[in-house]
>>> print(open('target29.pdb').read())   # PDB, C-alpha atoms
ATOM      1  CA  MET A   1       6.625  -1.522  20.163
ATOM      2  CA  GLU A   2       4.944  -2.626  16.922
ATOM      3  CA  LYS A   3       5.379   0.016  14.217
ATOM      4  CA  ILE A   4       4.692   0.585  10.541
ATOM      5  CA  LEU A   5       6.817   2.809   8.292
ATOM      6  CA  VAL A   6       4.843   5.125   6.000
ATOM      7  CA  LEU A   7       7.332   5.974   3.261
ATOM      8  CA  ASP A   8       6.191   9.275   1.812
ATOM      9  CA  PHE A   9       6.422   9.942  -1.929
ATOM     10  CA  GLY A  10       4.643  13.293  -1.740
ATOM     11  CA  GLY A  11       1.066  12.069  -1.679
ATOM     12  CA  GLN A  12      -1.739  14.169  -0.257
ATOM     13  CA  TYR A  13      -2.949  11.337   1.958
ATOM     14  CA  ASN A  14       0.283  10.538   3.854
ATOM     15  CA  GLN A  15      -1.065  11.803   7.178
ATOM     16  CA  LEU A  16      -4.362  10.021   6.627
ATOM     17  CA  ILE A  17      -2.612   6.702   5.982
ATOM     18  CA  ALA A  18      -0.682   7.060   9.238
ATOM     19  CA  ARG A  19      -3.875   7.953  11.094
ATOM     20  CA  ARG A  20      -5.638   4.853   9.781
ATOM     21  CA  VAL A  21      -2.783   2.702  11.077
ATOM     22  CA  ARG A  22      -2.817   4.442  14.455
ATOM     23  CA  GLU A  23      -6.565   3.861  14.696
ATOM     24  CA  MET A  24      -5.659   0.162  14.880
ATOM     25  CA  SER A  25      -3.518   0.936  17.966
ATOM     26  CA  VAL A  26      -0.345   0.354  15.925
ATOM     27  CA  TYR A  27       2.338   3.066  15.765
ATOM     28  CA  ALA A  28       2.919   4.646  12.335
ATOM     29  CA  GLU A  29       5.956   6.733  11.453
ATOM     30  CA  ILE A  30       6.008   8.961   8.353
ATOM     31  CA  VAL A  31       9.435   9.374   6.724
ATOM     32  CA  PRO A  32      10.235  11.032   3.352
ATOM     33  CA  PHE A  33      11.364   8.494   0.750
ATOM     34  CA  ASN A  34      14.879   9.973   0.586
ATOM     35  CA  LYS A  35      15.502  10.355   4.324
ATOM     36  CA  ILE A  36      16.014   6.735   5.329
ATOM     37  CA  THR A  37      18.221   3.893   4.078
ATOM     38  CA  VAL A  38      17.511   0.191   3.765
ATOM     39  CA  ASP A  39      19.911  -0.513   6.633
ATOM     40  CA  GLU A  40      18.132   2.021   8.838
ATOM     41  CA  ILE A  41      14.797   0.456   7.962
ATOM     42  CA  SER A  42      16.066  -3.013   8.861
ATOM     43  CA  ARG A  43      17.579  -1.836  12.153
ATOM     44  CA  ALA A  44      14.386  -0.038  13.134
ATOM     45  CA  ASP A  45      12.512  -3.357  13.133
ATOM     46  CA  TYR A  46       9.433  -2.116  11.288
ATOM     47  CA  LYS A  47       6.702  -4.725  10.968
ATOM     48  CA  GLY A  48       5.683  -3.382   7.565
ATOM     49  CA  ILE A  49       6.097  -0.546   5.072
ATOM     50  CA  ILE A  50       3.426   1.449   3.251
ATOM     51  CA  PHE A  51       4.437   3.422   0.152
ATOM     52  CA  THR A  52       2.197   6.477  -0.222
ATOM     53  CA  GLY A  53       0.801   7.825  -3.445
ATOM     54  CA  GLY A  54       2.215  10.898  -5.140
ATOM     55  CA  PRO A  55       1.628  13.277  -8.062
ATOM     56  CA  ASN A  56       4.575  12.121 -10.170
ATOM     57  CA  SER A  57       5.059   9.748 -13.076
ATOM     58  CA  VAL A  58       7.512   6.881 -12.701
ATOM     59  CA  TYR A  59       8.965   7.834 -16.089
ATOM     60  CA  ASP A  60      10.054  11.262 -14.886
ATOM     61  CA  GLU A  61      13.765  11.011 -14.012
ATOM     62  CA  LYS A  62      13.246  13.566 -11.249
ATOM     63  CA  SER A  63      10.350  11.691  -9.671
ATOM     64  CA  PRO A  64      10.893   9.963  -6.303
ATOM     65  CA  HIS A  65      12.034   6.341  -6.355
ATOM     66  CA  PHE A  66      13.146   3.881  -3.689
ATOM     67  CA  ASP A  67      16.075   1.574  -3.102
ATOM     68  CA  LYS A  68      15.177  -1.830  -4.581
ATOM     69  CA  GLY A  69      16.793  -3.365  -1.519
ATOM     70  CA  ILE A  70      13.652  -2.516   0.438
ATOM     71  CA  LEU A  71      11.793  -5.247  -1.430
ATOM     72  CA  SER A  72      14.474  -7.762  -0.442
ATOM     73  CA  ALA A  73      14.569  -6.828   3.236
ATOM     74  CA  GLY A  74      11.974  -9.414   4.221
ATOM     75  CA  ILE A  75       9.520  -6.748   5.415
ATOM     76  CA  PRO A  76       5.931  -6.740   4.075
ATOM     77  CA  VAL A  77       5.222  -3.814   1.732
ATOM     78  CA  LEU A  78       1.994  -2.209   0.552
ATOM     79  CA  GLY A  79       2.206   0.334  -2.268
ATOM     80  CA  ILE A  80      -0.711   2.728  -2.754
ATOM     81  CA  CYS A  81      -1.383   4.429  -6.132
ATOM     82  CA  TYR A  82       2.007   5.883  -7.181
ATOM     83  CA  GLY A  83       3.587   3.509  -4.665
ATOM     84  CA  CYS A  84       1.978   0.600  -6.504
ATOM     85  CA  GLN A  85       3.227   1.875  -9.858
ATOM     86  CA  LEU A  86       6.751   2.203  -8.455
ATOM     87  CA  ILE A  87       6.751  -1.395  -7.229
ATOM     88  CA  ALA A  88       5.669  -2.578 -10.667
ATOM     89  CA  TYR A  89       8.018  -0.290 -12.616
ATOM     90  CA  MET A  90      11.119  -1.023 -10.548
ATOM     91  CA  GLY A  91      10.353  -4.733 -10.729
ATOM     92  CA  GLY A  92      10.265  -4.735 -14.521
ATOM     93  CA  GLY A  93       6.529  -4.327 -15.067
ATOM     94  CA  GLU A  94       5.002  -2.039 -17.674
ATOM     95  CA  ILE A  95       3.453   1.308 -16.759
ATOM     96  CA  CYS A  96       1.371   3.130 -19.360
ATOM     97  CA  GLN A  97       0.766   6.835 -19.719
ATOM     98  CA  ALA A  98      -2.589   7.139 -21.403
ATOM     99  CA  GLN A  99      -5.081   9.888 -20.700
ATOM    100  CA  SER A 100      -7.900   7.680 -21.947
ATOM    101  CA  ILE A 101      -7.311   5.195 -19.119
ATOM    102  CA  SER A 102      -7.311   7.776 -16.321
ATOM    103  CA  GLU A 103      -9.766   7.221 -13.484
ATOM    104  CA  TYR A 104     -10.920   9.644 -10.846
ATOM    105  CA  GLY A 105     -13.585   9.146  -8.221
ATOM    106  CA  LYS A 106     -15.687   6.207  -7.148
ATOM    107  CA  THR A 107     -14.985   3.157  -9.282
ATOM    108  CA  ASP A 108     -16.361  -0.375  -9.327
ATOM    109  CA  LEU A 109     -13.656  -2.809  -8.184
ATOM    110  CA  THR A 110     -13.448  -6.577  -8.684
ATOM    111  CA  VAL A 111     -11.007  -8.417  -6.426
ATOM    112  CA  ARG A 112      -9.571 -11.913  -6.562
ATOM    113  CA  LYS A 113      -8.569 -14.142  -3.684
ATOM    114  CA  SER A 114      -5.700 -12.657  -1.699
ATOM    115  CA  PRO A 115      -4.796 -12.226   1.986
ATOM    116  CA  LEU A 116      -5.017  -8.469   1.363
ATOM    117  CA  PHE A 117      -8.683  -8.834   0.393
ATOM    118  CA  GLU A 118      -9.748 -11.281   3.085
ATOM    119  CA  GLY A 119     -13.341 -10.436   4.022
ATOM    120  CA  VAL A 120     -13.734  -8.070   1.042
ATOM    121  CA  PRO A 121     -16.557  -9.017  -1.362
ATOM    122  CA  GLU A 122     -15.687  -9.756  -4.971
ATOM    123  CA  ASN A 123     -17.379  -6.552  -6.106
ATOM    124  CA  SER A 124     -17.266  -3.229  -4.254
ATOM    125  CA  VAL A 125     -16.511   0.469  -4.769
ATOM    126  CA  CYS A 126     -13.068   2.067  -4.436
ATOM    127  CA  TRP A 127     -11.627   5.567  -4.865
ATOM    128  CA  MET A 128      -9.326   6.048  -7.848
ATOM    129  CA  SER A 129      -7.120   9.034  -8.684
ATOM    130  CA  HIS A 130      -4.590   8.287 -11.423
ATOM    131  CA  THR A 131      -3.584   8.731 -15.045
ATOM    132  CA  ASP A 132      -0.657   6.301 -15.330
ATOM    133  CA  TYR A 133      -1.532   2.677 -14.678
ATOM    134  CA  VAL A 134       0.103  -0.725 -14.422
ATOM    135  CA  LYS A 135      -0.416  -2.551 -17.722
ATOM    136  CA  THR A 136       1.792  -5.560 -17.015
ATOM    137  CA  ALA A 137       2.691  -6.852 -13.548
ATOM    138  CA  PRO A 138       6.360  -7.702 -12.885
ATOM    139  CA  ALA A 139       7.606 -11.295 -12.833
ATOM    140  CA  GLY A 140       6.548 -13.042  -9.636
ATOM    141  CA  PHE A 141       3.453 -10.863  -9.181
ATOM    142  CA  GLU A 142      -0.177 -11.748  -9.789
ATOM    143  CA  ILE A 143      -2.965  -9.333 -10.630
ATOM    144  CA  THR A 144      -5.449  -9.467  -7.757
ATOM    145  CA  ALA A 145      -7.977  -6.770  -8.700
ATOM    146  CA  VAL A 146      -9.291  -5.041 -11.818
ATOM    147  CA  THR A 147     -11.712  -2.286 -12.818
ATOM    148  CA  ALA A 148     -13.438  -1.685 -16.141
ATOM    149  CA  SER A 149     -10.628   0.670 -17.193
ATOM    150  CA  CYS A 150      -7.673  -0.597 -15.166
ATOM    151  CA  PRO A 151      -6.306  -4.070 -16.030
ATOM    152  CA  CYS A 152      -4.213  -4.121 -12.846
ATOM    153  CA  ALA A 153      -5.982  -2.400  -9.968
ATOM    154  CA  ALA A 154      -3.976  -4.490  -7.486
ATOM    155  CA  LEU A 155      -1.008  -6.844  -7.604
ATOM    156  CA  ALA A 156       0.685  -9.196  -5.172
ATOM    157  CA  ASP A 157       3.806 -11.258  -4.662
ATOM    158  CA  GLU A 158       2.409 -13.424  -1.880
ATOM    159  CA  GLY A 159       5.695 -15.211  -1.256
ATOM    160  CA  ARG A 160       7.508 -11.976  -0.394
ATOM    161  CA  LYS A 161       4.408 -10.284   1.077
ATOM    162  CA  ILE A 162       4.624  -7.376  -1.354
ATOM    163  CA  TYR A 163       1.344  -5.804  -2.420
ATOM    164  CA  GLY A 164       0.187  -2.862  -4.467
ATOM    165  CA  VAL A 165      -3.192  -1.210  -4.988
ATOM    166  CA  GLN A 166      -3.921   1.426  -7.622
ATOM    167  CA  PHE A 167      -6.800   2.823  -5.548
ATOM    168  CA  HIS A 168      -6.809   4.577  -2.157
ATOM    169  CA  PRO A 169      -7.920   2.297   0.718
ATOM    170  CA  GLU A 170      -7.231   5.046   3.274
ATOM    171  CA  VAL A 171     -10.158   7.253   2.188
ATOM    172  CA  THR A 172     -13.728   6.644   3.297
ATOM    173  CA  HIS A 173     -14.947   6.519  -0.321
ATOM    174  CA  THR A 174     -13.320   3.081  -0.658
ATOM    175  CA  GLU A 175     -16.015   0.799   0.735
ATOM    176  CA  TYR A 176     -13.753  -1.794   2.336
ATOM    177  CA  GLY A 177     -10.623   0.325   2.641
ATOM    178  CA  SER A 178     -10.382  -0.053   6.400
ATOM    179  CA  ARG A 179     -10.615  -3.815   6.097
ATOM    180  CA  ILE A 180      -7.891  -3.883   3.438
ATOM    181  CA  LEU A 181      -5.514  -1.810   5.583
ATOM    182  CA  GLU A 182      -6.312  -3.922   8.630
ATOM    183  CA  ASN A 183      -5.587  -7.089   6.663
ATOM    184  CA  PHE A 184      -2.175  -5.683   5.783
ATOM    185  CA  VAL A 185      -1.230  -4.244   9.169
ATOM    186  CA  LYS A 186      -2.623  -6.894  11.493
ATOM    187  CA  ASN A 187      -2.616 -10.075   9.428
ATOM    188  CA  ILE A 188       0.133  -9.770   6.814
ATOM    189  CA  CYS A 189       2.506  -7.701   8.976
ATOM    190  CA  GLU A 190       1.363  -9.543  12.113
ATOM    191  CA  SER A 191       1.234  -6.299  14.074
ATOM    192  CA  ILE A 192      -0.539  -6.999  17.336
ATOM    193  CA  PRO A 193      -1.896  -3.969  19.213
ATOM    194  CA  PRO A 194      -0.800  -3.732  22.849
ATOM    195  CA  SER A 195      -3.121  -5.218  25.429
ATOM    196  CA  PRO A 196      -5.178  -2.718  27.419
ATOM    197  CA  PRO A 197      -3.853  -2.040  30.906
ATOM    198  CA  CYS A 198      -5.125  -4.270  33.673
ATOM    199  CA  CYS A 199      -7.560  -2.788  36.133
ATOM    200  CA  PHE A 200      -6.780  -3.163  39.805
ATOM    201  CA  ILE A 201      -9.378  -2.610  42.486
ATOM    202  CA  LYS A 202      -8.046  -1.233  45.720
ATOM    203  CA  ARG A 203      -9.566  -3.005  48.672
TER
END
>>> encode(input="target29.pdb", output="structure tokens")
Amino acid sequence: MEKILVLDFGGQYNQLIARRVREMSVYAEIVPFNKITVDEISRADYKGIIFTGGPNSVYDEKSPHFDKGILSAGIPVLGICYGCQLIAYMGGGEICQAQSISEYGKTDLTVRKSPLFEGVPENSVCWMSHTDYVKTAPAGFEITAVTASCPCAALADEGRKIYGVQFHPEVTHTEYGSRILENFVKNICESIPPSPPCCFIKR
């Protein structure tokens, strides 16, 4: 069975993320960030991992973090909001805490070419909800989207299939959010929904 791990960092949209995946006929399993190990993840044969958002700051020592080994497990990863910041921070990128850069609500988004944004127009509207932001992407990552106030609205390490978005593709306010999630689940993770059952006609 094809399945995606939703690694929960305390975000309000964890259930919604899982529902969006299940709407693609792919199984999604929500697990708290501290209740599963890298070895358990590898043995479970997940096709991909989605890091949820969360209310914390990466600079808070008590905030949830993940085992860096996850990014070396050869499993595609998509980090959303706080999950994106964690990927950048734990990879050596720079996260800034500046109230003046905070974004909340519908925001104009400009994307660059990336498998995650296949079929997404260069300019669209996304839903932002953050104060901290990624100022500098880690080594090996490229910035793949920006907004007027956010210099790194999305980042990607295409070689390792690791992606992060500062906005929330799971909510309906993000114009092409469903397409972005589908690109990750079906194309990048290569999760193929099961075929519908055959119909037999009794004669």
>>> closest_residue(input="target29.pdb", among="A:Gln85, A:Gln166, A:Asn56, A:Ser25", to="A:Phe9", atoms="all atoms listed in the file")
A:Asn56
>>> axis_aligned_box(input="target29.pdb", around="stretch 64-69 of chain A", padding_each_side="5 Å", output="JSON")
{"center_x": 13.8, "center_y": 3.3, "center_z": -3.9, "size_x": 15.9, "size_y": 23.3, "size_z": 14.8}
>>> closest_residue(input="target29.pdb", among="A:Thr131, A:Asn14, A:Gln97, A:Thr110", to="A:Ala148", atoms="all atoms listed in the file")
A:Thr110
>>> residues_around(input="target29.pdb", residues="A:Asp45", least_positions_apart="2", cutoff="9 Å", atoms="only C-alpha atoms", output="list in words")
Glu2, Lys3, Glu40, Ile41, Ser42, Arg43, Lys47, Gly48 and Ile75 of chain A
>>> residues_around(input="target29.pdb", residues="A:Gly159", least_positions_apart="4", cutoff="12 Å", atoms="only C-alpha atoms", output="PDB file with C-alpha atoms, keeping the file's coordinate frame")
ATOM      1  CA  LEU A  71      11.793  -5.247  -1.430  1.00  0.00           C
ATOM      2  CA  SER A  72      14.474  -7.762  -0.442  1.00  0.00           C
ATOM      3  CA  GLY A  74      11.974  -9.414   4.221  1.00  0.00           C
ATOM      4  CA  ILE A  75       9.520  -6.748   5.415  1.00  0.00           C
ATOM      5  CA  PRO A  76       5.931  -6.740   4.075  1.00  0.00           C
ATOM      6  CA  VAL A  77       5.222  -3.814   1.732  1.00  0.00           C
ATOM      7  CA  SER A 114      -5.700 -12.657  -1.699  1.00  0.00           C
ATOM      8  CA  PRO A 115      -4.796 -12.226   1.986  1.00  0.00           C
ATOM      9  CA  GLY A 140       6.548 -13.042  -9.636  1.00  0.00           C
ATOM     10  CA  PHE A 141       3.453 -10.863  -9.181  1.00  0.00           C
ATOM     11  CA  GLU A 142      -0.177 -11.748  -9.789  1.00  0.00           C
ATOM     12  CA  TYR A 163       1.344  -5.804  -2.420  1.00  0.00           C
ATOM     13  CA  ILE A 188       0.133  -9.770   6.814  1.00  0.00           C
TER      14      ILE A 188
END
>>> closest_residue(input="target29.pdb", among="A:Gly11, A:Pro55, A:Gly91, A:Gly164", to="A:Gly69", atoms="all atoms listed in the file")
A:Gly91
>>> closest_residue(input="target29.pdb", among="A:Thr52, A:Asp39, A:Ala18, A:Ser129", to="A:Val185", atoms="only C-alpha atoms")
A:Ala18
>>> resolve_selection(input="target29.pdb", expression="the PyMOL selection byres ((chain A and resi 7) around 7)", output="MDAnalysis selection string")
chainID A and resid 5:6 8:9 30:33 49:52
>>> residues_around(input="target29.pdb", residues="A:Tyr59", least_positions_apart="2", cutoff="10 Å", atoms="all atoms listed in the file", output="list of chain:residue names")
A:Asn56, A:Ser57, A:Glu61, A:Lys62, A:Ser63, A:Leu86, A:Tyr89, A:Ile95, A:Cys96, A:Gln97, A:Asp132
>>> resolve_selection(input="target29.pdb", expression="the PyMOL selection byres ((chain A and resi 106) around 6)", output="list in words")
Gly105, Thr107, Cys126 and Trp127 of chain A
>>> resolve_selection(input="target29.pdb", expression="the PyMOL selection byres ((chain A and resi 112) around 12)", output="PyMOL selection string")
chain A and resi 109-111+113-124+142-147+152-156
>>> atom_distance(input="target29.pdb", atom1="atom CA of A:Ile70", atom2="atom CA of A:Tyr104")
29.6 Å
>>> atom_distance(input="target29.pdb", atom1="atom CA of A:Arg20", atom2="atom CA of A:Ile4")
11.2 Å
>>> residues_around(input="target29.pdb", residues="A:Glu23", least_positions_apart="5", cutoff="12 Å", atoms="only C-alpha atoms", output="list in words")
Leu16, Ile17, Ala18, Ala28, Glu170, Ser178, Leu181, Glu182, Val185, Lys186 and Pro193 of chain A
>>> atom_distance(input="target29.pdb", atom1="atom CA of A:Phe167", atom2="atom CA of A:Glu29")
21.6 Å
